[in-house]
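Next comes entry03.txt, a file with compact mmCIF, C-alpha atoms and all ligand atoms.
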# COMPACT_ATOMS: atom_id res chain seq x y z
CA MET A 1 98.37 17.44 -8.97
CA THR A 2 98.49 17.64 -5.19
CA GLU A 3 95.59 18.83 -3.05
CA PRO A 4 95.91 22.55 -2.26
CA TYR A 5 96.33 23.24 1.45
CA LEU A 6 93.58 25.85 1.32
CA ARG A 7 90.88 26.10 -1.32
CA VAL A 8 88.39 28.90 -1.68
CA GLU A 9 85.35 27.98 -3.77
CA LYS A 10 82.92 30.53 -5.15
CA ILE A 11 83.05 32.81 -2.15
CA SER A 12 80.66 35.76 -2.21
CA LYS A 13 80.25 38.46 0.37
CA LYS A 14 77.54 41.08 0.47
CA PHE A 15 77.42 44.09 2.75
CA GLY A 16 73.71 44.92 2.58
CA PRO A 17 72.98 45.20 -1.12
CA PHE A 18 76.64 45.84 -1.98
CA ILE A 19 78.50 42.87 -3.47
CA ALA A 20 82.09 43.04 -2.22
CA LEU A 21 83.04 39.54 -3.44
CA ASN A 22 81.37 37.66 -6.23
CA GLY A 23 82.14 33.96 -6.72
CA VAL A 24 85.86 34.09 -5.94
CA ASP A 25 87.96 30.93 -6.38
CA LEU A 26 91.52 30.63 -5.14
CA GLU A 27 93.85 27.88 -4.05
CA VAL A 28 97.10 27.94 -2.18
CA HIS A 29 99.58 25.13 -1.80
CA ALA A 30 102.14 24.46 0.92
CA GLY A 31 105.55 25.78 -0.12
CA GLU A 32 104.03 28.29 -2.53
CA VAL A 33 103.30 31.99 -2.60
CA HIS A 34 99.95 32.99 -4.05
CA ALA A 35 100.02 36.69 -4.93
CA LEU A 36 96.64 38.39 -4.66
CA LEU A 37 96.57 41.54 -6.73
CA GLY A 38 94.04 44.23 -7.53
CA ASP A 39 93.31 47.90 -7.27
CA ASN A 40 91.89 49.74 -4.25
CA GLY A 41 88.43 48.47 -3.42
CA ALA A 42 88.89 45.25 -5.44
CA GLY A 43 87.96 43.11 -2.44
CA LYS A 44 91.39 41.81 -1.35
CA SER A 45 91.00 42.68 2.33
CA THR A 46 87.40 41.45 2.37
CA LEU A 47 88.57 38.13 0.95
CA ILE A 48 91.30 37.63 3.52
CA LYS A 49 88.96 38.66 6.31
CA THR A 50 86.64 35.84 5.27
CA LEU A 51 89.62 33.45 5.39
CA ALA A 52 90.63 34.82 8.80
CA GLY A 53 87.17 34.38 10.34
CA VAL A 54 86.50 38.12 10.65
CA HIS A 55 83.70 38.02 8.05
CA GLN A 56 81.40 35.12 7.29
CA PRO A 57 80.90 34.59 3.57
CA THR A 58 77.39 35.11 2.19
CA SER A 59 77.91 31.98 0.08
CA GLY A 60 80.68 29.67 -1.05
CA ARG A 61 82.98 27.28 0.76
CA LEU A 62 86.45 26.94 2.21
CA TYR A 63 88.40 23.70 2.31
CA ILE A 64 91.55 22.85 4.22
CA GLU A 65 93.32 19.78 2.84
CA GLY A 66 90.11 18.91 1.03
CA LYS A 67 87.84 19.09 4.06
CA PRO A 68 85.13 21.76 4.26
CA VAL A 69 85.64 24.24 7.09
CA SER A 70 83.75 27.26 8.33
CA PHE A 71 85.01 29.89 10.70
CA ARG A 72 82.66 31.74 13.01
CA SER A 73 85.42 33.79 14.61
CA PRO A 74 89.07 34.75 14.15
CA ARG A 75 89.81 32.20 16.87
CA ASP A 76 88.31 29.39 14.73
CA ALA A 77 90.48 30.42 11.80
CA SER A 78 93.64 30.65 13.85
CA ASP A 79 92.93 27.25 15.44
CA ALA A 80 92.69 25.88 11.88
CA GLY A 81 96.15 27.28 11.10
CA ILE A 82 95.25 30.51 9.32
CA GLY A 83 97.74 33.19 10.43
CA THR A 84 97.13 36.74 9.28
CA VAL A 85 99.66 39.54 9.40
CA TYR A 86 97.73 42.79 8.96
CA GLN A 87 99.39 45.94 7.79
CA ASP A 88 99.42 47.53 11.22
CA LEU A 89 101.16 44.35 12.47
CA ALA A 90 99.59 44.57 15.93
CA VAL A 91 102.91 45.30 17.59
CA ASN A 92 103.51 47.66 20.46
CA PRO A 93 106.68 49.71 19.76
CA LEU A 94 107.24 50.46 23.44
CA MET A 95 107.33 46.83 24.50
CA SER A 96 110.22 44.44 24.00
CA VAL A 97 110.55 42.20 20.96
CA THR A 98 109.99 39.16 23.16
CA ARG A 99 106.92 40.58 24.88
CA ASN A 100 105.43 41.37 21.48
CA PHE A 101 106.31 37.93 20.18
CA PHE A 102 104.45 36.24 23.04
CA MET A 103 101.75 38.87 23.61
CA GLY A 104 98.85 37.11 25.34
CA ARG A 105 100.53 33.69 24.99
CA GLU A 106 103.40 34.03 27.46
CA LEU A 107 105.24 31.01 28.82
CA LYS A 108 104.73 30.88 32.57
CA GLY A 109 106.30 28.99 35.42
CA PRO A 110 104.35 27.14 38.13
CA LEU A 111 103.84 30.31 40.21
CA GLY A 112 102.74 32.34 37.24
CA THR A 113 106.15 33.93 36.76
CA LEU A 114 107.18 34.64 33.20
CA ARG A 115 109.86 32.38 31.75
CA MET A 116 111.66 35.38 30.23
CA LYS A 117 115.02 33.78 29.36
CA GLU A 118 113.31 30.97 27.50
CA MET A 119 110.99 33.37 25.69
CA ASP A 120 113.95 35.62 24.69
CA GLN A 121 115.73 32.60 23.25
CA ILE A 122 112.67 31.43 21.29
CA ALA A 123 111.93 34.91 19.92
CA HIS A 124 115.56 35.24 18.77
CA ASP A 125 115.76 31.76 17.25
CA GLU A 126 112.43 31.94 15.43
CA MET A 127 113.33 35.27 13.81
CA LEU A 128 116.78 33.99 12.90
CA LYS A 129 115.22 31.04 11.04
CA ILE A 130 113.56 33.43 8.60
CA GLY A 131 116.33 35.91 8.28
CA ILE A 132 117.05 38.37 11.05
CA ASP A 133 119.64 37.95 13.73
CA PHE A 134 118.16 40.36 16.25
CA ARG A 135 120.56 39.71 19.08
CA ASP A 136 118.82 41.46 21.90
CA PRO A 137 115.08 40.70 21.96
CA THR A 138 114.79 42.52 25.29
CA GLN A 139 114.99 45.76 23.29
CA ALA A 140 111.83 47.64 22.40
CA VAL A 141 110.21 46.93 19.03
CA GLY A 142 110.58 50.66 18.37
CA THR A 143 114.30 50.03 17.76
CA MET A 144 113.52 47.62 14.90
CA SER A 145 113.33 48.64 11.25
CA GLY A 146 110.00 48.29 9.43
CA GLY A 147 111.25 45.16 7.67
CA GLN A 148 112.36 43.61 10.94
CA ARG A 149 108.94 44.28 12.44
CA GLN A 150 107.33 42.43 9.55
CA THR A 151 109.69 39.53 10.18
CA LEU A 152 108.77 39.55 13.87
CA ALA A 153 105.05 39.39 13.03
CA ILE A 154 105.63 36.59 10.50
CA ALA A 155 107.87 34.55 12.84
CA ARG A 156 105.26 34.91 15.59
CA ALA A 157 102.44 33.70 13.33
CA ILE A 158 104.47 30.66 12.28
CA TYR A 159 105.61 29.81 15.79
CA PHE A 160 102.00 29.84 16.98
CA GLY A 161 100.92 27.38 14.34
CA ALA A 162 100.13 29.16 11.06
CA ARG A 163 100.03 26.79 8.08
CA VAL A 164 98.48 29.43 5.84
CA LEU A 165 100.25 32.75 6.22
CA ILE A 166 98.30 35.74 4.93
CA LEU A 167 100.31 38.92 4.42
CA ASP A 168 98.29 42.06 3.71
CA GLU A 169 100.52 44.50 1.78
CA PRO A 170 103.66 43.76 3.82
CA THR A 171 105.92 45.87 1.60
CA SER A 172 103.73 48.89 0.93
CA ALA A 173 104.82 51.14 3.79
CA LEU A 174 108.55 50.43 3.48
CA GLY A 175 111.57 51.89 1.67
CA GLN A 176 113.17 49.84 -1.11
CA LYS A 177 115.89 48.15 0.92
CA GLN A 178 113.38 47.17 3.62
CA GLN A 179 111.00 45.88 0.96
CA MET A 180 113.71 43.52 -0.30
CA GLU A 181 114.32 42.30 3.25
CA VAL A 182 110.64 41.41 3.57
CA LEU A 183 110.67 39.64 0.20
CA LYS A 184 113.68 37.62 1.38
CA THR A 185 111.75 36.66 4.52
CA ILE A 186 108.80 35.54 2.36
CA LYS A 187 111.13 33.42 0.22
CA ARG A 188 112.65 31.79 3.27
CA VAL A 189 109.21 30.90 4.63
CA LYS A 190 108.28 29.49 1.24
CA LYS A 191 111.47 27.39 1.17
CA ARG A 192 110.47 25.63 4.39
CA GLY A 193 107.90 23.91 2.19
CA ASP A 194 105.20 23.41 4.82
CA ILE A 195 103.53 26.80 4.77
CA ALA A 196 101.14 28.21 2.18
CA ILE A 197 101.46 31.97 1.72
CA ILE A 198 98.94 34.49 0.43
CA PHE A 199 100.74 37.71 -0.43
CA ILE A 200 98.59 40.77 -1.07
CA THR A 201 100.31 43.50 -3.01
CA HIS A 202 99.83 46.33 -5.45
CA ASN A 203 103.36 45.84 -6.72
CA GLU A 204 103.74 43.67 -9.81
CA ILE A 205 107.54 43.50 -9.48
CA HIS A 206 107.30 42.19 -5.93
CA SER A 207 104.68 39.66 -6.89
CA ARG A 208 106.91 38.47 -9.74
CA LEU A 209 109.92 38.11 -7.44
CA VAL A 210 108.25 35.73 -5.01
CA GLY A 211 104.89 34.64 -6.49
CA ASP A 212 104.20 31.15 -7.84
CA ARG A 213 100.52 31.80 -8.61
CA PHE A 214 98.56 34.96 -9.18
CA THR A 215 94.96 35.94 -8.74
CA PHE A 216 93.75 39.34 -9.93
CA LEU A 217 90.63 40.82 -8.39
CA ALA A 218 88.58 43.73 -9.70
CA LEU A 219 85.28 44.87 -8.19
CA GLY A 220 84.98 41.66 -6.21
CA GLN A 221 85.54 39.30 -9.13
CA VAL A 222 88.49 37.25 -10.32
CA ILE A 223 89.48 38.75 -13.68
CA GLY A 224 92.55 36.58 -14.19
CA ALA A 225 94.50 33.82 -12.47
CA GLY A 226 97.30 31.44 -13.23
CA ARG A 227 100.79 30.25 -12.50
CA SER A 228 103.58 32.79 -12.83
CA GLU A 229 104.89 31.29 -16.06
CA GLU A 230 101.42 31.45 -17.65
CA ILE A 231 101.10 35.22 -17.27
CA ASP A 232 103.50 37.42 -19.23
CA ASP A 233 104.34 40.99 -18.29
CA GLU A 234 101.89 42.54 -20.73
CA GLU A 235 99.02 40.40 -19.44
CA MET A 236 100.10 41.26 -15.92
CA ARG A 237 99.89 45.00 -16.62
CA ARG A 238 96.49 44.60 -18.25
CA LEU A 239 95.13 42.66 -15.28
CA MET A 240 96.70 45.05 -12.76
CA SER A 241 94.77 47.90 -14.33
CA GLY A 242 91.51 46.04 -13.75
CA GLY A 243 91.42 44.27 -17.10
CA THR A 244 91.38 47.38 -19.26
CA GLU A 245 94.05 47.88 -21.88
CA MET A 246 96.84 50.15 -20.70
CA GLY A 247 96.44 51.91 -24.04
CA ASP A 248 92.93 53.07 -23.07
CA LEU A 249 94.23 54.47 -19.81
CA ALA A 250 97.15 56.17 -21.51
CA GLY A 251 94.68 57.69 -23.97
CA GLU A 252 92.49 58.97 -21.16
CA LEU A 253 95.53 60.40 -19.42
CA ALA A 254 96.66 62.20 -22.57
CA ALA A 255 93.17 63.67 -23.02
CA ILE A 256 93.26 65.54 -19.69
N1 LIG B 1 82.41 46.28 6.39
C1 LIG B 1 82.08 46.77 5.19
N2 LIG B 1 80.84 47.30 4.96
C2 LIG B 1 80.52 47.78 3.75
N3 LIG B 1 81.32 47.78 2.68
C3 LIG B 1 82.56 47.29 2.83
C4 LIG B 1 83.00 46.76 4.09
N4 LIG B 1 84.28 46.31 3.94
C5 LIG B 1 84.60 46.59 2.66
N5 LIG B 1 83.58 47.15 1.99
C6 LIG B 1 83.58 47.55 0.57
O1 LIG B 1 83.98 46.42 -0.20
C7 LIG B 1 84.81 46.81 -1.28
C8 LIG B 1 86.11 46.04 -1.22
O2 LIG B 1 86.88 46.54 -0.14
P1 LIG B 1 88.28 45.91 0.31
O3 LIG B 1 88.71 46.65 1.50
O4 LIG B 1 88.14 44.44 0.39
O5 LIG B 1 89.20 46.29 -0.93
P2 LIG B 1 90.78 46.10 -1.11
O6 LIG B 1 90.98 45.35 -2.38
O7 LIG B 1 91.36 45.53 0.12
O8 LIG B 1 91.27 47.60 -1.30
P3 LIG B 1 92.66 48.32 -0.82
O9 LIG B 1 93.67 48.02 -1.88
O10 LIG B 1 92.28 49.77 -0.81
O11 LIG B 1 93.03 47.80 0.52
C9 LIG B 1 84.99 48.32 -1.18
O12 LIG B 1 84.09 48.94 -2.07
C10 LIG B 1 84.64 48.61 0.27
O13 LIG B 1 84.09 49.91 0.40
MG MG B 2 92.77 46.20 1.54

Starting from the file, give its structure as structure tokens.
Amino acid sequence: MTEPYLRVEKISKKFGPFIALNGVDLEVHAGEVHALLGDNGAGKSTLIKTLAGVHQPTSGRLYIEGKPVSFRSPRDASDAGIGTVYQDLAVNPLMSVTRNFFMGRELKGPLGTLRMKEMDQIAHDEMLKIGIDFRDPTQAVGTMSGGQRQTLAIARAIYFGARVLILDEPTSALGQKQQMEVLKTIKRVKKRGDIAIIFITHNEIHSRLVGDRFTFLALGQVIGAGRSEEIDDEEMRRLMSGGTEMGDLAGELAAI
């Protein structure tokens, strides 16, 4: 058994008296997708914000390649190779693909001039590596499809050093064809073998298509976890509904 790239050990997070996370364990290996599932309010975003340095955990530890780490800011986490792609993607639709790719980290010449040609080439090549051949990166991001924008945000995170790529619901706002494009991008990143991916989703089919491991959260606690082959579809449905039997829910539905 190899050392996971990132290990989360008994992480808890309180907001005042409210316990948003309660003793959560999770591990993610390079070259694997760890799907993080759970209903609204389960604690998924709170968990990734503690990995991304936005929140400090109340207790528990994080390890990268076996070494304990703690992040006091998002900058600390990104320096340690944690790259987070939030749902809003932090892209500006009016600016070019290249300018978005390098936002705040532009390549500059000796007199402070932007090395635009070089940046265009890099933005194009990095996106091509994970699946889109967007020929003219001088175009505005507004001309890209939703799936292409996800790919831009993912390529950018990887280019700037992400070894753990956290994707918060990357498929939820997209149509079906676009969703499949994003899943293809995730698979290509996984195939590189050097990046560990945490994929947050509400969609059990999507998690099945790309996930190697699953963790199910409900009310801040892990209610189930395992490798894909250890969790059958029935178990998956039970865990997706917060650990209650689907039969109970169907009964409640019928009673209304
Ligand atoms: N900054 C905060 N202060 C107080 N409570 C918070 C804060 N952030 C989150 N919570 C609470 O923690 C719980 C978990 O929220 P979180 O956003 O992590 O859930 P989630 O699993 O990401 O849900 P969703 O699927 O809706 O995105 C919720 O009850 C939420 O109200
Ligand atoms: Mg959330």

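CA of Asp39 (chain A) to CA of Ser241 (chain A) spans 7.2 Å [interatomic distance, one decimal].
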
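Around ligand MG 2 (chain B), the neighbouring residues within 7 Å, taking all atoms listed in the file, come to A:Asn40, A:Gly41, A:Gly43, A:Lys44, A:Ser45.
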
Identify, counting only C-alpha atoms and all ligand atoms, the protein, DNA and RNA residues located within 12 Å of ligand LIG 1 (chain B), and give them as a ChimeraX atom specification.
/A:12-22,36-50,54-56,86-87,167-170,172,200-203,216-222,240,242

Best match for closeness to Val33 (chain A) among A:Tyr5, A:Arg75, A:Arg105, A:Ala52, counting only C-alpha atoms
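Nearest candidate to Val33 (chain A) out of A:Tyr5, A:Arg75, A:Arg105, A:Ala52: A:Tyr5.
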
Within 6 Å of region 62-72 of chain A using only C-alpha atoms, minus same-chain residues under 5 positions, as a list of chain:residue names
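Those residues are A:Tyr5, A:Leu6, A:Arg7, A:Val8, A:Gly53, A:Ala77.
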
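The gap separating CA of Glu9 (chain A) from CA of Gly161 (chain A) is 23.9 Å, in Å to one decimal.
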